[in-house]
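For reference, the structure discussed in these notes is given below.
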Amino acid sequence: MYKVYVLRSLNHERFYIGMSSDTDRRLKEHNSGKTRSTAYYKPWKLFFEESFETRAEARKREVYLKTGYGREWIKNKWSRSSAG
């Protein structure tokens, strides 16, 4: 089982999109500074995740979320969740 996840920085207006078979481990890695691209923006919190049967399906969704349309979808999800 593969998961696509979106992290939200608690101190900055940033999101990070990734893919892993173990999101708990990856979140710990992001928060410990082991991931260079996210180290400056820690701490991170899991915003949401989606599960997929295959790595190919998860990668396709990850690539979509990293497009302009995908980032807009995330921002809309964020504004709906923070409004309620």
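Quick note on naming: the chains in the structure tokens go A, B, ... in the order shown, residues restart at 1 in each chain, and ligands are numbered from 1 in order of appearance.
By chain and then residue number, the residues within 7 Å of Glu50 of chain A are Lys3, Val4 and Tyr5 of chain A, counting only C-alpha atoms and disregarding those fewer than 5 positions away in sequence.
With only C-alpha atoms taken into account, the protein and nucleic acid residues at most 10 Å from segment 62-79 of chain A (excluding it and anything under 5 positions from it in its own chain) are A:Lys3, A:Val4, A:Tyr5, A:Val6, A:Arg8, A:Phe15, A:Tyr16, A:Ile17, A:Gly18, A:Met19, A:Phe47, A:Phe48, A:Glu50, A:Ala56, A:Glu57, A:Gly84.
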What lies within 8 Å of Leu27 of chain A using only C-alpha atoms, ignoring chain neighbours under 4 positions off, as a list in words?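 Listing them by chain and then by number gives Thr23, Asn31, Trp44, Lys45 and Leu46 of chain A.
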Next, write the just-selected residues to a file, as a compact mmCIF listing (two decimals), in the first residue's frame, keeping N, CA and C atoms as the atom set.
# COMPACT_ATOMS: atom_id res chain seq x y z
N THR A 23 3.96 6.69 6.13
CA THR A 23 3.88 8.14 6.33
C THR A 23 4.31 8.56 7.73
N ASN A 31 10.39 16.09 10.20
CA ASN A 31 10.48 16.91 11.42
C ASN A 31 11.84 16.85 12.10
N TRP A 44 6.35 20.03 10.89
CA TRP A 44 5.31 19.69 9.93
C TRP A 44 4.23 18.88 10.61
N LYS A 45 3.02 19.02 10.07
CA LYS A 45 1.88 18.23 10.54
C LYS A 45 1.23 17.60 9.32
N LEU A 46 0.77 16.37 9.47
CA LEU A 46 0.08 15.70 8.37
C LEU A 46 -1.24 16.42 8.11
From a DSSP pass on the backbone, collect the residues of chain A flagged as strand (DSSP E) and hand them back as a PyMOL selection string. chain A and resi 2-9+15-20+44-52
Separation of atom CA of Tyr2 of chain A and atom CA of Arg80 of chain A, in Å?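 Here the two named atoms are 25.9 Å from each other.
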Quick one: everything within 10 Å of Lys42 of chain A, counting only C-alpha atoms, minus sequence neighbours fewer than 2 positions away in the same chain. Send it as a ChimeraX atom specification. /A:8-12,14,30-33,38-40,44-45
Apply DSSP to the structure's backbone, then extract all residues of segment 39-79 of chain A labelled helix (DSSP H, G or I) and return them as a PyMOL selection string. chain A and resi 39-41+55-65+68-79
Dump as a CSV table (one decimal), in the first residue's frame, selection limited to N, CA and C atoms:
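Saved result, again.csv, follows:
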chain,number,residue,atom,x,y,z
A,39,ALA,N,13.6,20.9,5.8
A,39,ALA,CA,14.2,21.2,7.1
A,39,ALA,C,14.0,22.6,7.6
A,40,TYR,N,14.0,23.6,6.8
A,40,TYR,CA,13.9,25.0,7.2
A,40,TYR,C,12.4,25.3,7.7
A,41,TYR,N,11.5,24.5,7.2
A,41,TYR,CA,10.1,24.8,7.4
A,41,TYR,C,9.4,24.0,8.5
A,55,ARG,N,2.3,1.5,-6.6
A,55,ARG,CA,3.2,2.7,-6.6
A,55,ARG,C,2.9,3.6,-7.8
A,56,ALA,N,2.5,3.0,-8.9
A,56,ALA,CA,2.2,3.8,-10.1
A,56,ALA,C,1.0,4.7,-9.9
A,57,GLU,N,0.0,4.2,-9.3
A,57,GLU,CA,-1.2,5.0,-9.0
A,57,GLU,C,-0.9,6.2,-8.0
A,58,ALA,N,-0.1,5.9,-7.0
A,58,ALA,CA,0.3,6.9,-6.0
A,58,ALA,C,1.1,7.9,-6.7
A,59,ARG,N,2.1,7.5,-7.5
A,59,ARG,CA,3.0,8.5,-8.2
A,59,ARG,C,2.2,9.4,-9.1
A,60,LYS,N,1.2,8.8,-9.8
A,60,LYS,CA,0.3,9.6,-10.7
A,60,LYS,C,-0.4,10.7,-9.9
A,61,ARG,N,-0.9,10.4,-8.7
A,61,ARG,CA,-1.6,11.3,-7.9
A,61,ARG,C,-0.6,12.4,-7.3
A,62,GLU,N,0.5,11.9,-6.9
A,62,GLU,CA,1.5,12.9,-6.4
A,62,GLU,C,1.9,13.9,-7.5
A,63,VAL,N,2.2,13.4,-8.7
A,63,VAL,CA,2.5,14.3,-9.8
A,63,VAL,C,1.4,15.3,-10.0
A,64,TYR,N,0.1,14.9,-10.0
A,64,TYR,CA,-1.0,15.8,-10.2
A,64,TYR,C,-1.0,16.8,-9.1
A,65,LEU,N,-0.9,16.4,-7.8
A,65,LEU,CA,-1.0,17.4,-6.7
A,65,LEU,C,0.2,18.4,-6.8
A,68,GLY,N,-0.1,23.0,-10.9
A,68,GLY,CA,-0.9,24.2,-10.5
A,68,GLY,C,-2.3,23.8,-10.1
A,69,TYR,N,-3.0,23.0,-10.8
A,69,TYR,CA,-4.3,22.5,-10.5
A,69,TYR,C,-4.4,21.8,-9.2
A,70,GLY,N,-3.4,20.9,-9.0
A,70,GLY,CA,-3.3,20.1,-7.7
A,70,GLY,C,-3.1,21.0,-6.5
A,71,ARG,N,-2.2,22.0,-6.6
A,71,ARG,CA,-1.9,22.9,-5.5
A,71,ARG,C,-3.1,23.8,-5.2
A,72,GLU,N,-3.9,24.1,-6.3
A,72,GLU,CA,-5.1,24.9,-6.1
A,72,GLU,C,-6.1,24.0,-5.3
A,73,TRP,N,-6.2,22.7,-5.7
A,73,TRP,CA,-7.1,21.8,-5.0
A,73,TRP,C,-6.7,21.7,-3.5
A,74,ILE,N,-5.4,21.7,-3.2
A,74,ILE,CA,-5.0,21.6,-1.8
A,74,ILE,C,-5.3,22.9,-1.1
A,75,LYS,N,-5.1,24.1,-1.7
A,75,LYS,CA,-5.4,25.3,-1.1
A,75,LYS,C,-6.9,25.4,-0.8
A,76,ASN,N,-7.8,24.9,-1.7
A,76,ASN,CA,-9.2,24.9,-1.5
A,76,ASN,C,-9.6,24.0,-0.3
A,77,LYS,N,-8.9,22.9,-0.3
A,77,LYS,CA,-9.2,21.9,0.9
A,77,LYS,C,-8.8,22.6,2.2
A,78,TRP,N,-7.7,23.3,2.2
A,78,TRP,CA,-7.2,24.0,3.4
A,78,TRP,C,-8.2,25.1,3.8
A,79,SER,N,-8.6,25.9,2.8
A,79,SER,CA,-9.5,27.0,3.2
A,79,SER,C,-10.9,26.5,3.7
